[in-house]
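Asker: This is the structure I want to talk about, given as structure tokens.
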Protein chains: 2
Amino acid sequence: MSVNTTNTPRGEQAKLALLEAAIEIFGLNGPNSATTRQIAQRADQNIAAIAYYFGSKDGLYLAVAQHIADIIRDEFRPVIEEIDLFLANSADERDESRCLQLIELSFLAYNELVLKKSNINISRIMSREQLIPTKAYTLIHEQALSAIFTRQARLVARYTGLPDGHINTLIHTHALMGEILSFRLARENLLRQTGWDNIGPKEYDMINDVLREHIRLLLSGLKQHYRN
Amino acid sequence: MSVNTTNTPRGEQAKLALLEAAIEIFGLNGPNSATTRQIAQRADQNIAAIAYYFGSKDGLYLAVAQHIADIIRDEFRPVIEEIDLFLANSADERDESRCLQLIELSFLAYNELVLKKSNINISRIMSREQLIPTKAYTLIHEQALSAIFTRQARLVARYTGLPDGHINTLIHTHALMGEILSFRLARENLLRQTGWDNIGPKEYDMINDVLREHIRLLLSGLKQHYRN
DNA sequence: GTCTATAGTCGGATAGAC
DNA sequence: GTCTATCCGACTATAGAC
């Protein structure tokens, strides 16, 4: 893939427009059935521009993945820094409530990321990559997701007393994360069962309340079990 | 869609072969980028057979959805009958452990359904339908999923004391179901974090143990909270 | 009922004008 | 750097032979 690295304002703007249109079209259609014609039209750019700036349709898809990884990394940088600070400095057992708070913070931040309407196509692309992973998933996982999930598991271990780095701890953390993901990945099921026609601010708040309750119940239950 | 209703053995066999091949190809590719050529080839049938038996590619996709709904309905019929029996006969409060058992049973049955290797493409199709729902989702939901989830929510209400039919109860149930779904819908994330290269019997057992523990912890926590 | 051949459409990529 | 025109392959659907 030979990506043009021009920095002229016009070129930069064209690239960005193509990237954003591509997120939308790839989100709605998947990498195979999305067409470069659709993307170019949505971005108000010429079809040939895709080949020029990104080498090929495939190059554009990978650039989209990189863009998504950047967005997620930026979004989570503050949370990750706070977690690292906590994990580095707090070897004692006093900071339980801070630990719980950080777990809640990072999980609910993830919920916001995937449920935010403006991110709908990003999360569509990511879930499709979970079903049929391509190089794009590797990129997003290694550059963004891995850092988040690794720290979440470490916090869960610290809080509950589950062994740090142990596979069982990873499964517990993954299962808990599943509660968050379900509201995006099984969104349609939720809508049909509740009769909602959308997840707006009111619905979002109800979901968040339930999630917060589940996180606290589960973690305190696990803690009682594994600390003794 | 004009579906041929021939009942000659050869015709029936051709239809079934096409259906099963279609599940595989639609699972791997999504309804747009899957091609009738691929499906016909995999089924060892002529391309024209698809138009003949199912009217069109779209007709085949809907037939696949119907086939999936049938499979799920058959799989869950016994559980659903047990649940209905329980809900009808046990108005008293004594049967708590039976209630919990049924919740666990139905949730873990769902886990088996989505994780079973032979069903991998069925669950791929279903998750894609959650992302971008088509008529196929309506069909599967109304004919199979709705019956399961409605009863699960009723059991959860019964066990925890949450109000039956209330939206909050539905959200609680959905969130809990999310734990199960995550092992299929975020499977790739799990594999990368654990280093597994597959979810085999050993991994499946570990997952099931964690899920059972979470179900019990969460439901008993909710019960303490809402029963008092 | 089953198949081959093909019509008609749309896809990604590119050559070459400006 | 940007765009138009076009090549060529792949797709669905169908007409018509057997």
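All residue names refer to the structure tokens as shown: chains lettered A, B, ... in order, residues numbered from 1 in each chain, ligands numbered from 1 in order.
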Distance limit 12 Å, atoms considered: only C-alpha atoms (C1' of nucleotides). Which chain C residues sit that close to chain A? Return them as a PyMOL selection string.

Answerer: chain C and resi 10-15

Asker: Can you give chain A as a JSON list (two decimals) with C-alpha atoms, in the first residue's frame after you superpose it on chain B, pairing all C-alpha atoms in order for the least-squares fit?

Answerer:
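selection.json, freshly written:
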[["chain", "number", "residue", "atom", "x", "y", "z"],
["A", 1, "MET", "CA", -40.82, -14.28, -3.64],
["A", 2, "SER", "CA", -42.22, -17.43, -5.26],
["A", 3, "VAL", "CA", -40.79, -20.43, -3.49],
["A", 4, "ASN", "CA", -41.14, -23.77, -5.13],
["A", 5, "THR", "CA", -42.85, -26.27, -2.87],
["A", 6, "THR", "CA", -41.90, -29.47, -4.55],
["A", 7, "ASN", "CA", -41.60, -32.51, -2.40],
["A", 8, "THR", "CA", -39.61, -34.86, -4.55],
["A", 9, "PRO", "CA", -36.76, -36.36, -2.52],
["A", 10, "ARG", "CA", -34.16, -34.94, -4.87],
["A", 11, "GLY", "CA", -35.67, -31.47, -4.71],
["A", 12, "GLU", "CA", -35.89, -31.56, -0.94],
["A", 13, "GLN", "CA", -32.30, -32.63, -0.68],
["A", 14, "ALA", "CA", -31.17, -29.90, -3.02],
["A", 15, "LYS", "CA", -33.06, -27.28, -1.02],
["A", 16, "LEU", "CA", -31.51, -28.45, 2.23],
["A", 17, "ALA", "CA", -28.03, -28.53, 0.76],
["A", 18, "LEU", "CA", -28.49, -24.98, -0.48],
["A", 19, "LEU", "CA", -29.82, -23.83, 2.90],
["A", 20, "GLU", "CA", -26.89, -25.26, 4.78],
["A", 21, "ALA", "CA", -24.35, -23.90, 2.34],
["A", 22, "ALA", "CA", -26.09, -20.55, 2.52],
["A", 23, "ILE", "CA", -25.77, -20.44, 6.32],
["A", 24, "GLU", "CA", -22.07, -20.95, 5.94],
["A", 25, "ILE", "CA", -21.52, -18.40, 3.19],
["A", 26, "PHE", "CA", -23.88, -15.81, 4.63],
["A", 27, "GLY", "CA", -22.22, -16.28, 8.00],
["A", 28, "LEU", "CA", -18.79, -15.61, 6.60],
["A", 29, "ASN", "CA", -19.78, -12.84, 4.24],
["A", 30, "GLY", "CA", -22.97, -11.03, 5.07],
["A", 31, "PRO", "CA", -26.00, -10.88, 2.81],
["A", 32, "ASN", "CA", -24.52, -8.40, 0.34],
["A", 33, "SER", "CA", -21.07, -9.72, -0.23],
["A", 34, "ALA", "CA", -22.00, -13.39, -0.20],
["A", 35, "THR", "CA", -22.49, -14.57, -3.76],
["A", 36, "THR", "CA", -24.93, -17.07, -5.15],
["A", 37, "ARG", "CA", -22.08, -18.64, -7.06],
["A", 38, "GLN", "CA", -20.22, -19.42, -3.84],
["A", 39, "ILE", "CA", -23.34, -20.85, -2.25],
["A", 40, "ALA", "CA", -24.25, -23.02, -5.21],
["A", 41, "GLN", "CA", -20.72, -24.34, -5.46],
["A", 42, "ARG", "CA", -20.53, -25.18, -1.74],
["A", 43, "ALA", "CA", -23.88, -26.96, -1.98],
["A", 44, "ASP", "CA", -22.84, -28.82, -5.12],
["A", 45, "GLN", "CA", -25.83, -27.40, -6.89],
["A", 46, "ASN", "CA", -26.41, -25.41, -10.00],
["A", 47, "ILE", "CA", -26.64, -21.63, -9.67],
["A", 48, "ALA", "CA", -30.03, -21.62, -11.31],
["A", 49, "ALA", "CA", -31.34, -23.84, -8.52],
["A", 50, "ILE", "CA", -31.33, -20.89, -6.14],
["A", 51, "ALA", "CA", -33.74, -18.94, -8.30],
["A", 52, "TYR", "CA", -35.78, -22.05, -8.85],
["A", 53, "TYR", "CA", -36.22, -23.05, -5.22],
["A", 54, "PHE", "CA", -36.01, -19.73, -3.42],
["A", 55, "GLY", "CA", -36.97, -17.16, -6.03],
["A", 56, "SER", "CA", -33.86, -15.04, -5.55],
["A", 57, "LYS", "CA", -30.81, -14.50, -3.41],
["A", 58, "ASP", "CA", -32.97, -12.47, -1.08],
["A", 59, "GLY", "CA", -35.51, -15.26, -0.86],
["A", 60, "LEU", "CA", -32.73, -17.65, 0.07],
["A", 61, "TYR", "CA", -31.55, -15.31, 2.82],
["A", 62, "LEU", "CA", -35.03, -15.18, 4.31],
["A", 63, "ALA", "CA", -35.29, -18.95, 4.10],
["A", 64, "VAL", "CA", -32.02, -19.12, 6.01],
["A", 65, "ALA", "CA", -33.51, -16.87, 8.67],
["A", 66, "GLN", "CA", -36.55, -19.12, 8.89],
["A", 67, "HIS", "CA", -34.28, -22.14, 9.17],
["A", 68, "ILE", "CA", -32.35, -20.51, 12.00],
["A", 69, "ALA", "CA", -35.55, -19.60, 13.82],
["A", 70, "ASP", "CA", -36.71, -23.20, 13.53],
["A", 71, "ILE", "CA", -33.44, -24.53, 14.91],
["A", 72, "ILE", "CA", -33.52, -22.18, 17.89],
["A", 73, "ARG", "CA", -37.18, -22.84, 18.58],
["A", 74, "ASP", "CA", -36.63, -26.59, 18.57],
["A", 75, "GLU", "CA", -33.58, -26.30, 20.77],
["A", 76, "PHE", "CA", -35.40, -24.26, 23.39],
["A", 77, "ARG", "CA", -38.80, -25.92, 23.32],
["A", 78, "PRO", "CA", -38.13, -28.18, 26.34],
["A", 79, "VAL", "CA", -36.69, -25.36, 28.45],
["A", 80, "ILE", "CA", -39.58, -23.07, 27.58],
["A", 81, "GLU", "CA", -42.09, -25.72, 28.48],
["A", 82, "GLU", "CA", -40.45, -26.24, 31.84],
["A", 83, "ILE", "CA", -40.44, -22.52, 32.51],
["A", 84, "ASP", "CA", -44.11, -22.16, 31.60],
["A", 85, "LEU", "CA", -44.98, -25.04, 33.86],
["A", 86, "PHE", "CA", -43.09, -23.42, 36.69],
["A", 87, "LEU", "CA", -44.55, -19.97, 36.14],
["A", 88, "ALA", "CA", -48.09, -21.32, 35.93],
["A", 89, "ASN", "CA", -48.05, -23.58, 38.95],
["A", 90, "SER", "CA", -45.79, -21.98, 41.44],
["A", 91, "ALA", "CA", -47.40, -18.85, 42.78],
["A", 92, "ASP", "CA", -45.94, -19.39, 46.21],
["A", 93, "GLU", "CA", -42.53, -18.23, 47.23],
["A", 94, "ARG", "CA", -41.04, -21.54, 48.15],
["A", 95, "ASP", "CA", -39.62, -22.51, 44.81],
["A", 96, "GLU", "CA", -36.71, -20.14, 44.82],
["A", 97, "SER", "CA", -34.05, -22.65, 44.10],
["A", 98, "ARG", "CA", -36.07, -24.11, 41.24],
["A", 99, "CYS", "CA", -36.47, -20.60, 39.85],
["A", 100, "LEU", "CA", -32.75, -19.96, 40.01],
["A", 101, "GLN", "CA", -32.12, -23.31, 38.43],
["A", 102, "LEU", "CA", -34.36, -22.48, 35.48],
["A", 103, "ILE", "CA", -32.69, -19.12, 34.98],
["A", 104, "GLU", "CA", -29.31, -20.77, 34.97],
["A", 105, "LEU", "CA", -30.52, -23.49, 32.66],
["A", 106, "SER", "CA", -31.92, -21.12, 30.06],
["A", 107, "PHE", "CA", -28.97, -18.74, 30.14],
["A", 108, "LEU", "CA", -26.42, -21.49, 29.86],
["A", 109, "ALA", "CA", -28.42, -23.17, 27.10],
["A", 110, "TYR", "CA", -28.13, -19.93, 25.20],
["A", 111, "ASN", "CA", -24.41, -19.94, 25.83],
["A", 112, "GLU", "CA", -24.15, -23.43, 24.42],
["A", 113, "LEU", "CA", -26.22, -22.44, 21.39],
["A", 114, "VAL", "CA", -23.99, -19.52, 20.45],
["A", 115, "LEU", "CA", -20.66, -21.11, 21.35],
["A", 116, "LYS", "CA", -21.21, -24.53, 19.79],
["A", 117, "LYS", "CA", -18.80, -24.73, 16.91],
["A", 118, "SER", "CA", -21.41, -26.10, 14.53],
["A", 119, "ASN", "CA", -23.50, -23.00, 15.16],
["A", 120, "ILE", "CA", -20.78, -20.48, 14.53],
["A", 121, "ASN", "CA", -22.26, -19.19, 11.31],
["A", 122, "ILE", "CA", -25.74, -19.02, 12.75],
["A", 123, "SER", "CA", -24.50, -16.74, 15.47],
["A", 124, "ARG", "CA", -22.53, -14.70, 12.98],
["A", 125, "ILE", "CA", -25.67, -14.10, 10.96],
["A", 126, "MET", "CA", -27.60, -13.20, 14.09],
["A", 127, "SER", "CA", -25.04, -10.71, 15.31],
["A", 128, "ARG", "CA", -24.84, -9.07, 11.93],
["A", 129, "GLU", "CA", -28.60, -8.71, 12.08],
["A", 130, "GLN", "CA", -28.24, -6.99, 15.44],
["A", 131, "LEU", "CA", -25.93, -4.44, 13.85],
["A", 132, "ILE", "CA", -27.95, -3.78, 10.72],
["A", 133, "PRO", "CA", -31.35, -5.40, 11.16],
["A", 134, "THR", "CA", -33.26, -6.58, 8.10],
["A", 135, "LYS", "CA", -36.52, -8.45, 7.73],
["A", 136, "ALA", "CA", -34.57, -11.54, 8.74],
["A", 137, "TYR", "CA", -34.09, -10.21, 12.25],
["A", 138, "THR", "CA", -37.78, -9.58, 12.71],
["A", 139, "LEU", "CA", -38.45, -13.13, 11.66],
["A", 140, "ILE", "CA", -35.92, -14.68, 14.03],
["A", 141, "HIS", "CA", -36.87, -12.45, 16.92],
["A", 142, "GLU", "CA", -40.60, -12.97, 16.64],
["A", 143, "GLN", "CA", -40.44, -16.67, 16.02],
["A", 144, "ALA", "CA", -37.71, -17.65, 18.43],
["A", 145, "LEU", "CA", -35.83, -15.10, 20.50],
["A", 146, "SER", "CA", -38.75, -13.15, 21.92],
["A", 147, "ALA", "CA", -40.25, -16.23, 23.56],
["A", 148, "ILE", "CA", -36.99, -17.00, 25.32],
["A", 149, "PHE", "CA", -36.14, -13.50, 26.53],
["A", 150, "THR", "CA", -39.65, -12.74, 27.73],
["A", 151, "ARG", "CA", -39.61, -15.81, 29.93],
["A", 152, "GLN", "CA", -36.13, -15.14, 31.21],
["A", 153, "ALA", "CA", -37.20, -11.67, 32.30],
["A", 154, "ARG", "CA", -40.23, -13.13, 34.03],
["A", 155, "LEU", "CA", -38.07, -15.60, 35.92],
["A", 156, "VAL", "CA", -35.66, -12.85, 36.92],
["A", 157, "ALA", "CA", -38.58, -10.77, 38.17],
["A", 158, "ARG", "CA", -39.95, -13.70, 40.13],
["A", 159, "TYR", "CA", -36.60, -14.48, 41.70],
["A", 160, "THR", "CA", -35.34, -11.02, 42.54],
["A", 161, "GLY", "CA", -38.56, -9.26, 43.35],
["A", 162, "LEU", "CA", -38.06, -6.78, 40.54],
["A", 163, "PRO", "CA", -41.43, -5.73, 39.07],
["A", 164, "ASP", "CA", -42.62, -8.12, 36.38],
["A", 165, "GLY", "CA", -42.86, -6.54, 32.92],
["A", 166, "HIS", "CA", -41.19, -3.35, 34.09],
["A", 167, "ILE", "CA", -38.61, -1.85, 31.78],
["A", 168, "ASN", "CA", -35.96, -1.86, 34.46],
["A", 169, "THR", "CA", -36.37, -5.59, 34.86],
["A", 170, "LEU", "CA", -35.88, -6.04, 31.13],
["A", 171, "ILE", "CA", -32.67, -4.04, 31.28],
["A", 172, "HIS", "CA", -31.36, -6.10, 34.18],
["A", 173, "THR", "CA", -32.11, -9.29, 32.27],
["A", 174, "HIS", "CA", -30.58, -7.95, 29.08],
["A", 175, "ALA", "CA", -27.40, -6.91, 30.89],
["A", 176, "LEU", "CA", -27.07, -10.35, 32.40],
["A", 177, "MET", "CA", -27.60, -11.97, 29.02],
["A", 178, "GLY", "CA", -24.80, -9.70, 27.79],
["A", 179, "GLU", "CA", -22.34, -11.69, 29.85],
["A", 180, "ILE", "CA", -23.23, -14.78, 27.86],
["A", 181, "LEU", "CA", -23.24, -13.01, 24.52],
["A", 182, "SER", "CA", -19.85, -11.44, 25.08],
["A", 183, "PHE", "CA", -18.13, -14.77, 24.67],
["A", 184, "ARG", "CA", -19.43, -15.00, 21.14],
["A", 185, "LEU", "CA", -19.80, -11.35, 20.12],
["A", 186, "ALA", "CA", -16.47, -10.24, 21.56],
["A", 187, "ARG", "CA", -14.83, -13.59, 21.06],
["A", 188, "GLU", "CA", -11.80, -12.20, 19.29],
["A", 189, "ASN", "CA", -11.10, -9.83, 22.16],
["A", 190, "LEU", "CA", -11.23, -12.71, 24.61],
["A", 191, "LEU", "CA", -8.87, -14.80, 22.50],
["A", 192, "ARG", "CA", -6.30, -12.00, 22.30],
["A", 193, "GLN", "CA", -6.45, -11.22, 26.00],
["A", 194, "THR", "CA", -6.18, -14.83, 27.12],
["A", 195, "GLY", "CA", -3.83, -16.01, 24.40],
["A", 196, "TRP", "CA", -6.22, -18.84, 23.52],
["A", 197, "ASP", "CA", -6.37, -19.80, 19.89],
["A", 198, "ASN", "CA", -9.80, -21.33, 20.20],
["A", 199, "ILE", "CA", -12.67, -21.91, 22.61],
["A", 200, "GLY", "CA", -12.53, -25.67, 23.04],
["A", 201, "PRO", "CA", -14.18, -27.87, 25.68],
["A", 202, "LYS", "CA", -11.70, -26.85, 28.39],
["A", 203, "GLU", "CA", -12.18, -23.15, 27.71],
["A", 204, "TYR", "CA", -15.91, -23.64, 27.43],
["A", 205, "ASP", "CA", -16.01, -25.17, 30.91],
["A", 206, "MET", "CA", -14.03, -22.31, 32.42],
["A", 207, "ILE", "CA", -16.39, -19.81, 30.84],
["A", 208, "ASN", "CA", -19.44, -21.68, 32.04],
["A", 209, "ASP", "CA", -18.12, -21.75, 35.61],
["A", 210, "VAL", "CA", -17.60, -18.01, 35.61],
["A", 211, "LEU", "CA", -21.04, -17.40, 34.10],
["A", 212, "ARG", "CA", -22.72, -19.60, 36.66],
["A", 213, "GLU", "CA", -20.97, -17.74, 39.44],
["A", 214, "HIS", "CA", -21.95, -14.36, 38.00],
["A", 215, "ILE", "CA", -25.59, -15.34, 37.57],
["A", 216, "ARG", "CA", -25.80, -16.47, 41.18],
["A", 217, "LEU", "CA", -23.96, -13.50, 42.61],
["A", 218, "LEU", "CA", -25.96, -10.97, 40.64],
["A", 219, "LEU", "CA", -29.35, -12.48, 41.19],
["A", 220, "SER", "CA", -28.86, -12.98, 44.88],
["A", 221, "GLY", "CA", -27.56, -9.44, 45.18],
["A", 222, "LEU", "CA", -30.56, -8.06, 43.33],
["A", 223, "LYS", "CA", -32.86, -10.20, 45.42],
["A", 224, "GLN", "CA", -31.49, -8.85, 48.67],
["A", 225, "HIS", "CA", -31.93, -5.37, 47.35],
["A", 226, "TYR", "CA", -35.43, -5.60, 45.86],
["A", 227, "ARG", "CA", -37.11, -8.09, 48.16],
["A", 228, "ASN", "CA", -36.68, -5.85, 51.17]]

Asker: Quick check, in Å to one decimal: how far apart do C1' of DT12 in chain D and C1' of DT2 in chain C lie?

Answerer: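 Separation between C1' of DT12 in chain D and C1' of DT2 in chain C: 18.8 Å.
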
Asker: Using only C-alpha atoms (C1' of nucleotides) and a cut-off of 10 Å, which residues of chain D sit close to chain B? Please list them as a list in words.

Answerer: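 Listed by rising number, the hits are DA10, DC11, DT12, DA13 and DT14 of chain D.
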